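Each remark here refers to the structure printed beneath this line.
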Amino acid sequence: ESPLGDDNLAYAAHIYPGHTQSLWDHWFGETARRYPVLLTEWGFMEDDGEAAHDYLVGSAENYGAPLLDLTGERLAGWVACWFDDAWFPPMFQKGMKTATPLGEFVLARLGQ
């Protein structure tokens, strides 16, 4: 509603599975129609049994693919955040040798 008067900036968005998909356009899609937007935090993980991570529970099918498809439609960018095995949601299992489902999804998308 009140864009910054600088043509040399991008707006950042953080969208996780806990954010209702029907509101993604409200949270970043409509802005991306008019201004550069970059998803700097996003990702999913299978339920790890910790209630602290409930907002991250999702999958490539019900969250990752729809989110990145929308970024493509709105010409928004995204980065592969948490390229490690400790931050949540991790892209790799402990030891950085095996990708998690998120890691597999991101690596496949980066390879397209």
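We label chains A, B, ... in the order they appear in the structure tokens, count residues from 1 in each chain, and number ligands from 1 in the order shown.
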- prompt: Which residues in region 21-88 of chain A does DSSP call strand (DSSP E)? List them as a PyMOL selection string.
  reply: chain A and resi 37-42+77-78
message: Taking 5 positions as the minimum chain separation for residues in the same chain, which residues sit within 9 Å of region 56-63 of chain A when counting only C-alpha atoms? Answer as number ranges by chain.
response: A: 16-18, 21, 42-48, 68, 88-89, 101-102, 105
Save out the residues we just selected, all heavy atoms, as a compact mmCIF listing (two decimals), in the first residue's frame.
# COMPACT_ATOMS: atom_id res chain seq x y z
N TYR A 16 5.84 -20.10 4.58
CA TYR A 16 6.01 -21.48 5.03
C TYR A 16 4.69 -22.24 4.89
O TYR A 16 3.64 -21.63 4.68
CB TYR A 16 6.50 -21.51 6.48
CG TYR A 16 7.92 -21.03 6.62
CD1 TYR A 16 8.22 -19.77 7.09
CD2 TYR A 16 8.97 -21.87 6.25
CE1 TYR A 16 9.54 -19.35 7.21
CE2 TYR A 16 10.30 -21.45 6.37
CZ TYR A 16 10.57 -20.20 6.84
OH TYR A 16 11.87 -19.79 6.95
N PRO A 17 4.71 -23.57 5.02
CA PRO A 17 3.47 -24.35 4.89
C PRO A 17 2.36 -23.88 5.84
O PRO A 17 1.19 -24.03 5.52
CB PRO A 17 3.91 -25.78 5.22
CG PRO A 17 5.34 -25.83 4.82
CD PRO A 17 5.87 -24.47 5.18
N GLY A 18 2.71 -23.32 6.97
CA GLY A 18 1.71 -22.84 7.91
C GLY A 18 0.97 -21.60 7.44
O GLY A 18 -0.04 -21.22 8.02
N GLN A 21 -2.41 -21.13 1.95
CA GLN A 21 -2.11 -21.00 0.52
C GLN A 21 -3.03 -20.01 -0.18
O GLN A 21 -2.59 -19.29 -1.07
CB GLN A 21 -2.18 -22.37 -0.15
CG GLN A 21 -1.67 -22.39 -1.56
CD GLN A 21 -1.53 -23.80 -2.10
OE1 GLN A 21 -1.54 -24.78 -1.36
NE2 GLN A 21 -1.39 -23.92 -3.40
N TRP A 42 11.75 -19.94 2.99
CA TRP A 42 10.65 -20.83 2.66
C TRP A 42 11.19 -22.25 2.83
O TRP A 42 12.39 -22.47 2.94
CB TRP A 42 10.14 -20.59 1.23
CG TRP A 42 11.14 -20.94 0.18
CD1 TRP A 42 12.20 -20.18 -0.24
CD2 TRP A 42 11.21 -22.16 -0.56
NE1 TRP A 42 12.92 -20.84 -1.19
CE2 TRP A 42 12.32 -22.06 -1.42
CE3 TRP A 42 10.44 -23.31 -0.58
CZ2 TRP A 42 12.68 -23.08 -2.29
CZ3 TRP A 42 10.79 -24.33 -1.46
CH2 TRP A 42 11.90 -24.20 -2.30
N GLY A 43 10.32 -23.20 2.85
CA GLY A 43 10.74 -24.59 2.95
C GLY A 43 9.74 -25.43 3.73
O GLY A 43 8.80 -24.91 4.31
N PHE A 44 9.96 -26.72 3.71
CA PHE A 44 9.05 -27.65 4.35
C PHE A 44 9.83 -28.82 4.92
O PHE A 44 10.99 -29.04 4.57
CB PHE A 44 8.00 -28.16 3.35
CG PHE A 44 8.59 -28.92 2.19
CD1 PHE A 44 8.81 -30.29 2.27
CD2 PHE A 44 8.93 -28.26 1.02
CE1 PHE A 44 9.35 -31.00 1.20
CE2 PHE A 44 9.47 -28.95 -0.06
CZ PHE A 44 9.68 -30.31 0.03
N MET A 45 9.20 -29.55 5.79
CA MET A 45 9.78 -30.78 6.31
C MET A 45 8.65 -31.70 6.75
O MET A 45 7.54 -31.25 7.01
CB MET A 45 10.72 -30.49 7.48
CG MET A 45 10.09 -29.78 8.65
SD MET A 45 11.27 -29.23 9.89
CE MET A 45 11.70 -30.75 10.68
N GLU A 46 8.97 -32.98 6.80
CA GLU A 46 8.01 -33.93 7.34
C GLU A 46 7.92 -33.70 8.84
O GLU A 46 8.83 -33.17 9.45
CB GLU A 46 8.45 -35.35 7.02
CG GLU A 46 8.46 -35.62 5.53
CD GLU A 46 9.01 -36.99 5.19
OE1 GLU A 46 9.49 -37.71 6.09
OE2 GLU A 46 8.97 -37.34 4.00
N ASP A 47 6.86 -34.09 9.43
CA ASP A 47 6.67 -33.91 10.87
C ASP A 47 7.81 -34.59 11.61
O ASP A 47 8.08 -35.77 11.41
CB ASP A 47 5.33 -34.52 11.28
CG ASP A 47 4.98 -34.25 12.73
OD1 ASP A 47 5.75 -33.56 13.43
OD2 ASP A 47 3.92 -34.72 13.17
N ASP A 48 8.51 -33.82 12.42
CA ASP A 48 9.62 -34.39 13.19
C ASP A 48 9.24 -34.66 14.63
O ASP A 48 10.10 -34.94 15.47
CB ASP A 48 10.85 -33.49 13.13
CG ASP A 48 10.67 -32.17 13.85
OD1 ASP A 48 9.54 -31.87 14.27
OD2 ASP A 48 11.65 -31.44 14.00
N LEU A 68 6.48 -22.44 -5.65
CA LEU A 68 7.40 -22.03 -6.69
C LEU A 68 6.71 -21.80 -8.02
O LEU A 68 7.14 -20.96 -8.82
CB LEU A 68 8.55 -23.03 -6.83
CG LEU A 68 9.48 -23.13 -5.61
CD1 LEU A 68 10.74 -23.89 -5.97
CD2 LEU A 68 9.81 -21.78 -5.02
N PHE A 88 16.25 -25.18 10.48
CA PHE A 88 14.96 -25.74 10.10
C PHE A 88 14.27 -24.86 9.08
O PHE A 88 14.21 -23.65 9.28
CB PHE A 88 14.07 -25.91 11.33
CG PHE A 88 14.51 -27.04 12.21
CD1 PHE A 88 15.34 -26.82 13.28
CD2 PHE A 88 14.10 -28.34 11.94
CE1 PHE A 88 15.76 -27.85 14.09
CE2 PHE A 88 14.51 -29.39 12.73
CZ PHE A 88 15.34 -29.13 13.81
N PRO A 89 13.75 -25.43 8.03
CA PRO A 89 13.80 -26.84 7.66
C PRO A 89 15.12 -27.17 6.96
O PRO A 89 15.54 -26.45 6.06
CB PRO A 89 12.62 -26.99 6.70
CG PRO A 89 12.48 -25.65 6.06
CD PRO A 89 12.90 -24.65 7.10
N PRO A 101 13.73 -34.46 1.82
CA PRO A 101 12.77 -34.20 0.74
C PRO A 101 12.81 -32.75 0.26
O PRO A 101 12.72 -32.49 -0.95
CB PRO A 101 11.43 -34.56 1.37
CG PRO A 101 11.78 -35.66 2.35
CD PRO A 101 13.10 -35.21 2.93
N LEU A 102 12.99 -31.78 1.17
CA LEU A 102 13.14 -30.39 0.75
C LEU A 102 14.38 -30.22 -0.10
O LEU A 102 14.34 -29.59 -1.17
CB LEU A 102 13.22 -29.45 1.96
CG LEU A 102 13.63 -28.01 1.67
CD1 LEU A 102 12.62 -27.32 0.76
CD2 LEU A 102 13.83 -27.24 2.96
N PHE A 105 13.88 -31.59 -3.56
CA PHE A 105 13.00 -30.72 -4.32
C PHE A 105 13.75 -29.48 -4.81
O PHE A 105 13.69 -29.12 -5.99
CB PHE A 105 11.79 -30.32 -3.47
CG PHE A 105 10.90 -29.32 -4.12
CD1 PHE A 105 10.05 -29.70 -5.15
CD2 PHE A 105 10.91 -27.99 -3.71
CE1 PHE A 105 9.22 -28.77 -5.76
CE2 PHE A 105 10.08 -27.06 -4.32
CZ PHE A 105 9.25 -27.45 -5.36
- request: Select from chain A everything DSSP, run on the backbone, classes as alpha helix (DSSP H), then give the selection as number ranges by chain.
  value: A: 24, 30-32, 65-73, 101-110
statement: Nearest to Thr40 (chain A), restricted to only C-alpha atoms and choosing among A:Asn8, A:Thr71, A:Gln93, A:Ser2, comes out as A:Thr71
field: Residue neighbourhood Pro90 (chain A), 8 Å, only C-alpha atoms, exclusion window fewer than 4 positions, as a ChimeraX atom specification
entry: /A:45,82-86,100,102-103
- line: Counting only C-alpha atoms, closest pick from A:Ala99, A:Ala52, A:Ala12, A:Leu107 relative to Ala76 (chain A) is A:Ala12
